[in-house]
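Colleague: The structure's right below; bear with me while I get my questions together.
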Amino acid sequence: MAEVQARLQSLSEDYQKLQQELQDTVASRQKLEGQKQENVGVQKEFDNLGDDETIYKLVGPVLLKQDKVEAESTVKGRLDFISGEISRLEGSIKETQDKMEKKKTEIIQVQSQAQPQGKQ
């Protein structure tokens, strides 16, 4: 019986670790989603600017003039990177959820095996 309890304890700890991993991954994804929205907003602002407008980039405490094409390229690159990271994290979330489901099934199996032993 103690062996079953130890097994359940171990499975429960594994499940809790997976839950924490899932929470961390979801938090990272939400942060990236916020960054994506910021960059989409910047991209929309670029669309509203004329070709002769001046764009400045904040570098430390200094504003430096920046070419519009370069600025648009930088934002597009960021958006591509962020979208890729979001896709990667979504895959990781799905994978962790699958692991959690398997662990949950395993816990239920161990519990159901332990019940008949307790009744005898």
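We label chains A, B, ... in the order they appear in the structure tokens, count residues from 1 in each chain, and number ligands from 1 in the order shown.
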Neighbours of Val4 in chain A within 10 Å (only C-alpha atoms; same-chain residues fewer than 4 positions away dropped), as number ranges by chain?

Modeller: A: 8-10, 110-111, 113-114

Colleague: Pick out the residues sitting within 12 Å of Gly84 in chain A, and hand them over as an NGL selection string; count only C-alpha atoms, and ignore anything fewer than 6 positions along from it in its own chain.

Modeller: :A and (29 or 32-33 or 36 or 77-78 or 90-91)

Colleague: Can I get the selected residues back with N, CA and C atoms, as a PDB file, in the first residue's frame?

Modeller:
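Once written, part_32.pdb looks like this:
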ATOM      1  N   ARG A  29       3.625  33.329 -23.836  1.00  0.00           N
ATOM      2  CA  ARG A  29       2.837  33.539 -25.043  1.00  0.00           C
ATOM      3  C   ARG A  29       2.043  34.844 -24.946  1.00  0.00           C
ATOM      4  N   LEU A  32       4.340  37.764 -25.541  1.00  0.00           N
ATOM      5  CA  LEU A  32       4.634  37.900 -26.975  1.00  0.00           C
ATOM      6  C   LEU A  32       3.436  38.477 -27.727  1.00  0.00           C
ATOM      7  N   GLU A  33       2.251  38.081 -27.332  1.00  0.00           N
ATOM      8  CA  GLU A  33       1.041  38.589 -27.991  1.00  0.00           C
ATOM      9  C   GLU A  33       0.940  40.113 -27.791  1.00  0.00           C
ATOM     10  N   LYS A  36       3.436  41.702 -30.034  1.00  0.00           N
ATOM     11  CA  LYS A  36       2.953  41.634 -31.418  1.00  0.00           C
ATOM     12  C   LYS A  36       1.959  42.762 -31.685  1.00  0.00           C
ATOM     13  N   GLY A  77      10.474  42.422 -39.466  1.00  0.00           N
ATOM     14  CA  GLY A  77      11.327  41.356 -38.942  1.00  0.00           C
ATOM     15  C   GLY A  77      10.918  40.947 -37.534  1.00  0.00           C
ATOM     16  N   ARG A  78      10.612  41.958 -36.712  1.00  0.00           N
ATOM     17  CA  ARG A  78      10.156  41.672 -35.347  1.00  0.00           C
ATOM     18  C   ARG A  78       8.851  40.890 -35.371  1.00  0.00           C
ATOM     19  N   GLU A  90       2.805  27.783 -28.864  1.00  0.00           N
ATOM     20  CA  GLU A  90       1.517  27.096 -28.968  1.00  0.00           C
ATOM     21  C   GLU A  90       1.730  25.591 -29.097  1.00  0.00           C
ATOM     22  N   GLY A  91       2.759  25.192 -29.847  1.00  0.00           N
ATOM     23  CA  GLY A  91       3.104  23.775 -29.949  1.00  0.00           C
ATOM     24  C   GLY A  91       3.523  23.219 -28.598  1.00  0.00           C
TER      25      GLY A  91
END

Colleague: Run DSSP on the backbone and grab whatever in chain A lands in helix (DSSP H, G or I); send it over as a PyMOL selection string.

Modeller: chain A and resi 2-48+68-119

Colleague: CA of Ser73 in chain A and CA of Gln43 in chain A are how many Å apart?

Modeller: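 Interatomic distance, CA of Ser73 in chain A to CA of Gln43 in chain A: 9.8 Å.
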
Colleague: Can you list, as a ChimeraX atom specification, every protein, DNA or RNA residue that comes within 12 Å of Lys44 in chain A when you count only C-alpha atoms, leaving out same-chain residues fewer than 4 positions away?

Modeller: /A:37-40,48-49,72,75-76

Colleague: As a count of residues only, please: the residues near Gln115 in chain A (cut-off 12 Å, only C-alpha atoms, same-chain neighbours under 5 positions excluded).

Modeller: 7

Colleague: May I ask for the distance between CA of Ile107 in chain A and CA of Arg88 in chain A, given in Å to one decimal place?

Modeller: 28.6 Å

Colleague: Grab the CA of Ser12 in chain A to CA of Ile86 in chain A distance for me, in Å with one decimal place.

Modeller: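 Pair CA of Ser12 in chain A / CA of Ile86 in chain A returns 29.0 Å.
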
Colleague: Determine which residues of chain A receive a DSSP assignment of strand (DSSP E), computed from the backbone, and state them as JSON, numbers by chain.

Modeller: {"A": [55, 56, 57, 58, 59, 62, 63, 64, 65, 66]}

Colleague: Using only C-alpha atoms, which of the listed residues (A:Met100, A:Val59, A:Ile93, A:Leu79) sits closest to Gly34 in chain A?

Modeller: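 Nearest to Gly34 in chain A: A:Leu79.
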
Colleague: Considering only C-alpha atoms, state which residue in the set A:Ala27, A:Val42, A:Val69, A:Leu11 is at the smallest distance from Glu101 in chain A.

Modeller: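 Nearest to Glu101 in chain A: A:Leu11.
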
Colleague: Nearest to Lys17 in chain A among A:Glu45, A:Lys99, A:Lys31, A:Thr105, with distances taken over only C-alpha atoms: which residue is it?

Modeller: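 So, comparing all the options, the nearest one is A:Lys99.
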